[in-house]
$ cat run.tsv   # TSV, C-alpha atoms and all ligand atoms
chain	number	residue	atom	x	y	z
A	161	MET	CA	0.00	0.00	0.00
A	162	ASN	CA	1.49	3.35	-1.04
A	163	ILE	CA	1.20	6.24	1.36
A	164	ILE	CA	0.29	9.76	0.23
A	165	LEU	CA	0.52	12.94	2.29
A	166	ALA	CA	-2.30	15.16	0.96
A	167	SER	CA	-0.50	18.43	1.66
A	168	ALA	CA	1.40	21.33	0.14
A	169	SER	CA	2.97	22.21	3.49
A	170	PRO	CA	6.77	21.84	3.41
A	171	ARG	CA	6.72	21.52	7.23
A	172	ARG	CA	4.37	18.52	7.23
A	173	LYS	CA	6.53	16.84	4.58
A	174	GLU	CA	9.69	17.49	6.59
A	175	ILE	CA	8.23	16.12	9.85
A	176	LEU	CA	7.14	12.90	8.10
A	177	GLU	CA	10.50	12.64	6.31
A	178	ASN	CA	12.19	12.52	9.72
A	179	THR	CA	10.78	9.01	10.02
A	180	ASN	CA	11.79	6.17	7.73
A	181	MET	CA	8.45	6.04	6.00
A	182	LYS	CA	8.28	6.19	2.21
A	183	PHE	CA	5.51	8.43	0.91
A	184	ASP	CA	4.49	10.76	-1.90
A	185	THR	CA	3.08	14.25	-1.49
A	186	ILE	CA	0.07	15.47	-3.48
A	187	LYS	CA	-1.57	18.81	-2.82
A	188	SER	CA	-5.31	18.86	-2.31
A	189	GLU	CA	-7.16	21.72	-4.02
A	190	ILE	CA	-10.16	21.99	-1.70
A	191	ASP	CA	-11.45	25.38	-0.59
A	192	GLU	CA	-10.75	25.73	3.13
A	193	VAL	CA	-14.04	27.22	4.27
A	194	ILE	CA	-14.72	27.71	7.99
A	195	LEU	CA	-18.45	27.68	8.82
A	196	GLU	CA	-19.94	30.12	11.30
A	197	HIS	CA	-20.26	28.73	14.87
A	198	GLU	CA	-18.51	25.49	13.90
A	199	PRO	CA	-16.52	24.19	16.91
A	200	PRO	CA	-12.73	24.39	16.35
A	201	LYS	CA	-12.19	20.62	16.74
A	202	SER	CA	-14.88	19.93	14.14
A	203	VAL	CA	-13.29	22.46	11.77
A	204	VAL	CA	-9.84	20.84	11.79
A	205	MET	CA	-11.17	17.29	11.51
A	206	ARG	CA	-13.57	18.21	8.70
A	207	LEU	CA	-10.90	20.09	6.72
A	208	ALA	CA	-8.33	17.30	7.26
A	209	PHE	CA	-10.99	14.81	6.06
A	210	GLU	CA	-11.89	16.90	3.00
A	211	LYS	CA	-8.22	17.24	1.96
A	212	CYS	CA	-7.76	13.52	2.45
A	213	MET	CA	-10.92	12.48	0.53
A	214	ASP	CA	-10.01	14.80	-2.33
A	215	ILE	CA	-6.88	12.71	-2.95
A	216	ALA	CA	-8.19	9.31	-1.73
A	217	SER	CA	-11.05	9.39	-4.26
A	218	GLU	CA	-8.40	9.31	-7.02
A	219	TYR	CA	-5.96	6.97	-5.28
A	220	LYS	CA	-8.34	4.35	-3.87
A	221	ASN	CA	-5.69	1.70	-3.21
A	222	ASP	CA	-3.42	4.03	-1.26
A	223	LEU	CA	-3.37	5.20	2.33
A	224	VAL	CA	-3.89	8.97	2.34
A	225	ILE	CA	-2.96	11.27	5.23
A	226	GLY	CA	-4.46	14.77	5.57
A	227	ALA	CA	-4.06	17.45	8.25
A	228	ASP	CA	-5.32	20.90	9.10
A	229	THR	CA	-4.03	23.35	11.72
A	230	ILE	CA	-5.75	26.36	13.30
A	231	VAL	CA	-5.01	28.71	16.19
A	232	VAL	CA	-7.76	29.38	18.73
A	233	LEU	CA	-7.71	32.41	21.05
A	234	ASP	CA	-10.56	32.77	23.58
A	235	ASP	CA	-12.74	30.46	21.43
A	236	VAL	CA	-12.12	32.53	18.28
A	237	ILE	CA	-10.47	30.76	15.33
A	238	LEU	CA	-7.45	32.41	13.71
A	239	GLY	CA	-6.60	30.93	10.32
A	240	LYS	CA	-3.97	32.28	7.92
A	241	PRO	CA	-3.85	36.09	7.75
A	242	LYS	CA	-4.86	37.56	4.38
A	243	ASP	CA	-2.18	40.29	4.49
A	244	LEU	CA	0.52	41.79	6.72
A	245	ASP	CA	-1.95	44.17	8.43
A	246	GLU	CA	-4.07	41.23	9.52
A	247	ALA	CA	-0.89	39.39	10.56
A	248	TYR	CA	0.05	42.36	12.78
A	249	GLU	CA	-3.43	42.33	14.30
A	250	MET	CA	-3.27	38.59	15.02
A	251	ILE	CA	0.15	38.76	16.73
A	252	SER	CA	-1.07	41.76	18.82
A	253	LYS	CA	-4.06	39.71	19.99
A	254	LEU	CA	-1.85	36.72	20.88
A	255	SER	CA	0.59	38.90	22.89
A	256	GLY	CA	0.74	38.05	26.62
A	257	LYS	CA	-1.92	35.32	26.30
A	258	THR	CA	-2.24	31.56	26.01
A	259	HIS	CA	-3.84	30.15	22.87
A	260	GLN	CA	-4.52	26.67	21.52
A	261	VAL	CA	-3.06	25.20	18.36
A	262	ILE	CA	-5.29	22.40	17.10
A	263	THR	CA	-4.37	20.02	14.30
A	264	GLY	CA	-6.88	17.60	12.81
A	265	ILE	CA	-5.59	14.41	11.19
A	266	SER	CA	-7.37	12.15	8.77
A	267	LEU	CA	-6.30	8.74	7.45
A	268	ILE	CA	-8.24	7.13	4.62
A	269	ASN	CA	-7.94	3.92	2.62
A	270	LEU	CA	-10.98	3.52	0.41
A	271	VAL	CA	-10.31	-0.06	-0.68
A	272	SER	CA	-10.68	-1.29	2.90
A	273	ASN	CA	-13.18	1.52	3.61
A	274	LYS	CA	-11.14	2.65	6.63
A	275	LYS	CA	-11.52	6.29	7.64
A	276	VAL	CA	-9.83	7.57	10.79
A	277	LEU	CA	-10.25	11.07	12.27
A	278	ASP	CA	-8.52	12.59	15.27
A	279	TYR	CA	-7.15	15.88	16.61
A	280	VAL	CA	-4.39	17.08	18.94
A	281	VAL	CA	-4.32	20.27	21.03
A	282	SER	CA	-1.21	22.15	22.22
A	283	ASN	CA	-1.18	25.29	24.38
A	284	VAL	CA	1.16	28.14	23.54
A	285	LYS	CA	1.79	31.16	25.77
A	286	PHE	CA	3.17	34.28	24.07
A	287	LYS	CA	5.38	36.83	25.84
A	288	LYS	CA	4.00	40.31	26.32
A	289	LEU	CA	5.20	41.94	23.08
A	290	SER	CA	5.89	45.62	22.41
A	291	GLN	CA	4.72	47.24	19.15
A	292	GLU	CA	8.34	47.19	18.06
A	293	ASP	CA	8.65	43.43	18.72
A	294	ILE	CA	5.54	42.82	16.62
A	295	LYS	CA	6.81	45.04	13.78
A	296	ASP	CA	10.17	43.24	13.87
A	297	TYR	CA	8.40	39.90	13.63
A	298	ILE	CA	6.07	40.95	10.79
A	299	GLN	CA	9.02	42.14	8.68
A	300	THR	CA	10.53	38.61	8.77
A	301	ASN	CA	7.75	37.72	6.30
A	302	GLU	CA	7.04	34.31	7.75
A	303	SER	CA	3.42	35.06	8.77
A	304	LEU	CA	1.36	34.75	5.63
A	305	ASP	CA	1.10	31.02	5.03
A	306	LYS	CA	0.67	30.13	8.70
A	307	ALA	CA	-2.31	29.79	11.04
A	308	GLY	CA	-2.21	32.53	13.70
A	309	ALA	CA	0.38	34.43	11.60
A	310	TYR	CA	3.45	32.85	13.21
A	311	GLY	CA	5.78	29.89	12.80
A	312	ILE	CA	7.22	28.46	16.00
A	313	GLN	CA	9.88	26.69	13.92
A	314	GLY	CA	11.23	30.08	12.72
A	315	TYR	CA	11.51	33.57	14.25
A	316	GLY	CA	8.14	32.83	15.86
A	317	ALA	CA	10.09	30.91	18.50
A	318	LEU	CA	11.25	34.30	19.83
A	319	LEU	CA	7.64	35.27	20.65
A	320	VAL	CA	6.91	32.20	22.76
A	321	GLU	CA	7.17	32.03	26.56
A	322	GLU	CA	5.95	28.48	27.11
A	323	ILE	CA	4.37	25.55	25.34
A	324	GLN	CA	2.36	22.60	26.64
A	325	GLY	CA	1.87	19.54	24.47
A	326	ASP	CA	3.42	18.27	21.24
A	327	TYR	CA	5.74	20.80	19.52
A	328	PHE	CA	5.24	19.07	16.16
A	329	ASN	CA	1.49	19.54	16.48
A	330	ILE	CA	2.13	23.31	16.50
A	331	VAL	CA	4.28	23.06	13.37
A	332	GLY	CA	1.38	21.24	11.66
A	333	LEU	CA	1.72	17.46	12.09
A	334	PRO	CA	1.40	15.68	15.46
A	335	ILE	CA	3.75	12.88	14.48
A	336	SER	CA	3.52	10.99	17.79
A	337	ARG	CA	-0.30	10.64	17.56
A	338	LEU	CA	-0.04	9.92	13.84
A	339	SER	CA	2.38	7.07	14.64
A	340	ASP	CA	-0.17	5.58	17.10
A	341	LEU	CA	-2.97	5.84	14.54
A	342	LEU	CA	-0.89	4.27	11.75
A	343	LYS	CA	0.07	1.37	14.03
A	344	GLY	CA	-3.36	0.88	15.62
A	345	HIS	CA	-5.48	1.10	12.47
A	346	PHE	CA	-3.15	0.08	9.63
A	347	GLY	CA	-0.38	-2.01	11.27
A	348	ILE	CA	2.25	0.47	10.07
A	349	ASN	CA	5.21	0.88	12.45
A	350	LEU	CA	7.16	4.10	11.86
A	351	PHE	CA	10.20	2.70	13.71
A	352	TYR	CA	10.62	0.32	10.78
A	353	GLY	CA	9.62	2.66	7.97
A	354	GLY	CA	6.17	1.08	7.69
B	1	LIG	C1	0.99	27.91	14.52
B	1	LIG	C2	1.84	27.45	13.36
B	1	LIG	C3	1.27	27.10	12.14
B	1	LIG	N1	2.06	26.70	11.10
B	1	LIG	C4	1.48	26.31	9.80
B	1	LIG	C5	1.16	24.82	9.71
B	1	LIG	C6	0.29	24.76	8.48
B	1	LIG	O1	1.11	24.57	7.34
B	1	LIG	C7	-0.34	26.16	8.43
B	1	LIG	C8	-1.82	26.09	8.59
B	1	LIG	O2	-2.42	25.87	7.36
B	1	LIG	P1	-3.11	24.52	6.89
B	1	LIG	O3	-4.31	24.92	6.09
B	1	LIG	O4	-3.31	23.60	8.05
B	1	LIG	O5	-2.03	23.82	5.95
B	1	LIG	P2	-1.35	24.33	4.59
B	1	LIG	O6	-2.31	25.16	3.79
B	1	LIG	O7	-0.02	24.96	4.93
B	1	LIG	O8	-1.02	22.98	3.84
B	1	LIG	P3	-2.07	21.86	3.28
B	1	LIG	O9	-3.47	22.34	3.53
B	1	LIG	O10	-1.75	21.69	1.83
B	1	LIG	O11	-1.72	20.61	4.08
B	1	LIG	O12	0.25	26.90	9.50
B	1	LIG	C9	3.43	26.61	11.25
B	1	LIG	O13	4.15	26.26	10.29
B	1	LIG	N2	4.01	26.95	12.44
B	1	LIG	C10	3.28	27.35	13.53
B	1	LIG	O14	3.87	27.63	14.59
$ encode --input "run.tsv" --output "structure tokens"
Amino acid sequence: MNIILASASPRRKEILENTNMKFDTIKSEIDEVILEHEPPKSVVMRLAFEKCMDIASEYKNDLVIGADTIVVLDDVILGKPKDLDEAYEMISKLSGKTHQVITGISLINLVSNKKVLDYVVSNVKFKKLSQEDIKDYIQTNESLDKAGAYGIQGYGALLVEEIQGDYFNIVGLPISRLSDLLKGHFGINLFYGG
């Protein structure tokens, strides 16, 4: 069974490449729409599932992995900022507070009709940031393709006071949970490259 990561995210690819598993990457073209009043956990699992199904419906024999990451501050979902002004606004809101980073994961193999959905939550506390700190961060240009307008794997690390939970979940792929799901549902052991 071939394995496909249904993602255009270079971070997700890199995290999975750190294991021995052989896989291909194919980008899903779904529209990532967030419905009004939809609970955050439902959002990430639904979007991960939609990305996964988009690819699985063409590659029915393969095992497809999809993921979706959002940032949640006081029950409000922050996706990717549309421009640098919105990025500035998002980082200002996150300053001095704790937010959740939630990643949904979906695993689908249509031939065996197996569909697995799960999510992982990490807590991230930001330092109290000055306007200058936020400006300095925005000019690094790493905000735009990231939920919550920051990347903890880059300069975003300098904004963080404390994290609770899986670091890799924040970067976009909770590899430890994914390993459990692959083993439990598909008999794939990442220690041995599948
Ligand atoms: C909070 C945070 C998010 N992110 C990224 C992870 C995700 O790539 C992105 C959230 O967008 P997603 O829509 O989850 O993923 P994507 O559009 O990058 O890739 P694809 O849908 O093709 O799989 O934010 C970081 O890289 N670092 C961080 O610290």
$ atom_distance --input "run.tsv" --atom1 "atom CA of A:Glu218" --atom2 "atom CA of A:Leu165"
13.4 Å
$ residues_near_ligand --input "run.tsv" --ligand "ligand LIG 1 (chain B)" --cutoff "6 Å" --atoms "only C-alpha atoms and all ligand atoms" --output "list in words"
Ser167, Ala168, Ser169, Lys187, Ala227, Asp228, Thr229, Lys306, Ala307, Gly308, Tyr310, Gly311, Ile312, Ile330, Val331 and Gly332 of chain A
$ closest_atom_pairs --input "run.tsv" --of "stretch 175-251 of chain A" --to "stretch 259-276 of chain A" --cutoff "6 Å" --atoms "all atoms listed in the file" --output "CSV"
residue,atom,partner,partner_atom,distance
A:Val204,CA,A:Gly264,CA,4.5
A:Met205,CA,A:Gly264,CA,4.5
A:Ala208,CA,A:Ser266,CA,5.5
A:Phe209,CA,A:Ser266,CA,5.2
A:Lys220,CA,A:Leu270,CA,5.1
A:Asn221,CA,A:Val271,CA,5.6
A:Asp222,CA,A:Asn269,CA,6.0
A:Leu223,CA,A:Asn269,CA,4.8
A:Val224,CA,A:Ile268,CA,5.2
A:Ile225,CA,A:Leu267,CA,4.7
A:Gly226,CA,A:Ser266,CA,5.1
A:Ala227,CA,A:Ile265,CA,4.5
A:Asp228,CA,A:Gly264,CA,5.2
A:Thr229,CA,A:Thr263,CA,4.2
A:Ile230,CA,A:Ile262,CA,5.5
A:Val231,CA,A:Val261,CA,4.6
A:Val232,CA,A:Gln260,CA,5.1
A:Leu233,CA,A:His259,CA,4.8
$ residues_near_point --input "run.tsv" --point "(4.7, 4.9, 2.7)" --cutoff "10 Å" --atoms "all atoms listed in the file" --output "list in words"
Met161, Asn162, Ile163, Ile164, Leu165, Leu176, Asn180, Met181, Lys182, Phe183, Asp184, Asp222, Leu223, Val224, Ile348, Leu350, Gly353 and Gly354 of chain A
$ atom_distance --input "run.tsv" --atom1 "atom CA of A:Tyr248" --atom2 "atom CA of A:Ile294"
6.7 Å
$ atom_distance --input "run.tsv" --atom1 "atom CA of A:Ile335" --atom2 "atom CA of A:Arg206"
19.0 Å
$ closest_residue --input "run.tsv" --among "A:Ile298, A:Met250, A:Ile186, A:Leu304" --to "A:Phe286" --atoms "only C-alpha atoms"
A:Met250
$ closest_residue --input "run.tsv" --among "A:Ile215, A:Ala166, A:Leu254, A:Leu244" --to "A:Leu319" --atoms "only C-alpha atoms"
A:Leu254
$ build_atoms --input "run.tsv" --residues "stretch 195-230 of chain A" --atoms "N, CA and C atoms" --output "PDB file, in the coordinates of the input"
ATOM      1  N   LEU A 195     -17.040  27.324   8.664  1.00  0.00           N
ATOM      2  CA  LEU A 195     -18.450  27.680   8.820  1.00  0.00           C
ATOM      3  C   LEU A 195     -18.655  28.461  10.119  1.00  0.00           C
ATOM      4  N   GLU A 196     -19.658  29.325  10.111  1.00  0.00           N
ATOM      5  CA  GLU A 196     -19.940  30.120  11.300  1.00  0.00           C
ATOM      6  C   GLU A 196     -20.386  29.210  12.451  1.00  0.00           C
ATOM      7  N   HIS A 197     -19.903  29.478  13.649  1.00  0.00           N
ATOM      8  CA  HIS A 197     -20.260  28.730  14.870  1.00  0.00           C
ATOM      9  C   HIS A 197     -19.809  27.271  14.861  1.00  0.00           C
ATOM     10  N   GLU A 198     -18.994  26.876  13.913  1.00  0.00           N
ATOM     11  CA  GLU A 198     -18.510  25.490  13.900  1.00  0.00           C
ATOM     12  C   GLU A 198     -17.428  25.340  14.974  1.00  0.00           C
ATOM     13  N   PRO A 199     -17.540  24.345  15.871  1.00  0.00           N
ATOM     14  CA  PRO A 199     -16.520  24.190  16.910  1.00  0.00           C
ATOM     15  C   PRO A 199     -15.138  23.918  16.301  1.00  0.00           C
ATOM     16  N   PRO A 200     -14.074  24.517  16.899  1.00  0.00           N
ATOM     17  CA  PRO A 200     -12.730  24.390  16.350  1.00  0.00           C
ATOM     18  C   PRO A 200     -12.292  22.946  16.046  1.00  0.00           C
ATOM     19  N   LYS A 201     -12.613  22.015  16.963  1.00  0.00           N
ATOM     20  CA  LYS A 201     -12.190  20.620  16.740  1.00  0.00           C
ATOM     21  C   LYS A 201     -12.885  20.025  15.519  1.00  0.00           C
ATOM     22  N   SER A 202     -14.149  20.419  15.325  1.00  0.00           N
ATOM     23  CA  SER A 202     -14.880  19.930  14.140  1.00  0.00           C
ATOM     24  C   SER A 202     -14.272  20.523  12.881  1.00  0.00           C
ATOM     25  N   VAL A 203     -13.876  21.799  12.943  1.00  0.00           N
ATOM     26  CA  VAL A 203     -13.290  22.460  11.770  1.00  0.00           C
ATOM     27  C   VAL A 203     -12.048  21.707  11.296  1.00  0.00           C
ATOM     28  N   VAL A 204     -11.114  21.447  12.229  1.00  0.00           N
ATOM     29  CA  VAL A 204      -9.840  20.840  11.790  1.00  0.00           C
ATOM     30  C   VAL A 204     -10.026  19.397  11.317  1.00  0.00           C
ATOM     31  N   MET A 205     -10.963  18.676  11.962  1.00  0.00           N
ATOM     32  CA  MET A 205     -11.170  17.290  11.510  1.00  0.00           C
ATOM     33  C   MET A 205     -11.885  17.271  10.161  1.00  0.00           C
ATOM     34  N   ARG A 206     -12.850  18.168   9.992  1.00  0.00           N
ATOM     35  CA  ARG A 206     -13.570  18.210   8.700  1.00  0.00           C
ATOM     36  C   ARG A 206     -12.631  18.606   7.566  1.00  0.00           C
ATOM     37  N   LEU A 207     -11.801  19.645   7.806  1.00  0.00           N
ATOM     38  CA  LEU A 207     -10.900  20.090   6.720  1.00  0.00           C
ATOM     39  C   LEU A 207      -9.833  19.026   6.424  1.00  0.00           C
ATOM     40  N   ALA A 208      -9.316  18.373   7.482  1.00  0.00           N
ATOM     41  CA  ALA A 208      -8.330  17.300   7.260  1.00  0.00           C
ATOM     42  C   ALA A 208      -8.990  16.187   6.433  1.00  0.00           C
ATOM     43  N   PHE A 209     -10.252  15.862   6.774  1.00  0.00           N
ATOM     44  CA  PHE A 209     -10.990  14.810   6.060  1.00  0.00           C
ATOM     45  C   PHE A 209     -11.224  15.203   4.602  1.00  0.00           C
ATOM     46  N   GLU A 210     -11.616  16.458   4.377  1.00  0.00           N
ATOM     47  CA  GLU A 210     -11.890  16.900   3.000  1.00  0.00           C
ATOM     48  C   GLU A 210     -10.628  16.858   2.128  1.00  0.00           C
ATOM     49  N   LYS A 211      -9.492  17.296   2.710  1.00  0.00           N
ATOM     50  CA  LYS A 211      -8.220  17.240   1.960  1.00  0.00           C
ATOM     51  C   LYS A 211      -7.891  15.793   1.613  1.00  0.00           C
ATOM     52  N   CYS A 212      -8.099  14.934   2.599  1.00  0.00           N
ATOM     53  CA  CYS A 212      -7.760  13.520   2.450  1.00  0.00           C
ATOM     54  C   CYS A 212      -8.652  12.844   1.397  1.00  0.00           C
ATOM     55  N   MET A 213      -9.976  13.101   1.466  1.00  0.00           N
ATOM     56  CA  MET A 213     -10.920  12.480   0.530  1.00  0.00           C
ATOM     57  C   MET A 213     -10.668  12.945  -0.889  1.00  0.00           C
ATOM     58  N   ASP A 214     -10.292  14.228  -1.018  1.00  0.00           N
ATOM     59  CA  ASP A 214     -10.010  14.800  -2.330  1.00  0.00           C
ATOM     60  C   ASP A 214      -8.964  13.950  -3.065  1.00  0.00           C
ATOM     61  N   ILE A 215      -7.948  13.518  -2.340  1.00  0.00           N
ATOM     62  CA  ILE A 215      -6.880  12.710  -2.950  1.00  0.00           C
ATOM     63  C   ILE A 215      -7.260  11.225  -2.949  1.00  0.00           C
ATOM     64  N   ALA A 216      -7.855  10.750  -1.849  1.00  0.00           N
ATOM     65  CA  ALA A 216      -8.190   9.310  -1.730  1.00  0.00           C
ATOM     66  C   ALA A 216      -9.174   8.882  -2.826  1.00  0.00           C
ATOM     67  N   SER A 217     -10.073   9.784  -3.242  1.00  0.00           N
ATOM     68  CA  SER A 217     -11.050   9.390  -4.260  1.00  0.00           C
ATOM     69  C   SER A 217     -10.371   9.112  -5.606  1.00  0.00           C
ATOM     70  N   GLU A 218      -9.161   9.623  -5.790  1.00  0.00           N
ATOM     71  CA  GLU A 218      -8.400   9.310  -7.020  1.00  0.00           C
ATOM     72  C   GLU A 218      -7.420   8.168  -6.820  1.00  0.00           C
ATOM     73  N   TYR A 219      -6.972   7.992  -5.592  1.00  0.00           N
ATOM     74  CA  TYR A 219      -5.960   6.970  -5.280  1.00  0.00           C
ATOM     75  C   TYR A 219      -6.557   5.979  -4.273  1.00  0.00           C
ATOM     76  N   LYS A 220      -7.523   5.185  -4.777  1.00  0.00           N
ATOM     77  CA  LYS A 220      -8.340   4.350  -3.870  1.00  0.00           C
ATOM     78  C   LYS A 220      -7.537   3.251  -3.176  1.00  0.00           C
ATOM     79  N   ASN A 221      -6.463   2.784  -3.821  1.00  0.00           N
ATOM     80  CA  ASN A 221      -5.690   1.700  -3.210  1.00  0.00           C
ATOM     81  C   ASN A 221      -4.718   2.190  -2.150  1.00  0.00           C
ATOM     82  N   ASP A 222      -4.478   3.489  -2.128  1.00  0.00           N
ATOM     83  CA  ASP A 222      -3.420   4.030  -1.260  1.00  0.00           C
ATOM     84  C   ASP A 222      -3.951   4.474   0.094  1.00  0.00           C
ATOM     85  N   LEU A 223      -3.019   4.632   1.020  1.00  0.00           N
ATOM     86  CA  LEU A 223      -3.370   5.200   2.330  1.00  0.00           C
ATOM     87  C   LEU A 223      -3.053   6.700   2.273  1.00  0.00           C
ATOM     88  N   VAL A 224      -4.082   7.522   2.456  1.00  0.00           N
ATOM     89  CA  VAL A 224      -3.890   8.970   2.340  1.00  0.00           C
ATOM     90  C   VAL A 224      -3.966   9.624   3.723  1.00  0.00           C
ATOM     91  N   ILE A 225      -3.016  10.537   3.961  1.00  0.00           N
ATOM     92  CA  ILE A 225      -2.960  11.270   5.230  1.00  0.00           C
ATOM     93  C   ILE A 225      -3.238  12.740   4.957  1.00  0.00           C
ATOM     94  N   GLY A 226      -4.176  13.332   5.706  1.00  0.00           N
ATOM     95  CA  GLY A 226      -4.460  14.770   5.570  1.00  0.00           C
ATOM     96  C   GLY A 226      -4.405  15.437   6.933  1.00  0.00           C
ATOM     97  N   ALA A 227      -4.115  16.731   6.966  1.00  0.00           N
ATOM     98  CA  ALA A 227      -4.060  17.450   8.250  1.00  0.00           C
ATOM     99  C   ALA A 227      -4.508  18.887   8.054  1.00  0.00           C
ATOM    100  N   ASP A 228      -4.989  19.477   9.132  1.00  0.00           N
ATOM    101  CA  ASP A 228      -5.320  20.900   9.100  1.00  0.00           C
ATOM    102  C   ASP A 228      -5.048  21.515  10.474  1.00  0.00           C
ATOM    103  N   THR A 229      -4.424  22.703  10.466  1.00  0.00           N
ATOM    104  CA  THR A 229      -4.030  23.350  11.720  1.00  0.00           C
ATOM    105  C   THR A 229      -4.682  24.734  11.838  1.00  0.00           C
ATOM    106  N   ILE A 230      -5.259  25.009  13.020  1.00  0.00           N
ATOM    107  CA  ILE A 230      -5.750  26.360  13.300  1.00  0.00           C
ATOM    108  C   ILE A 230      -5.252  26.810  14.671  1.00  0.00           C
TER     109      ILE A 230
END
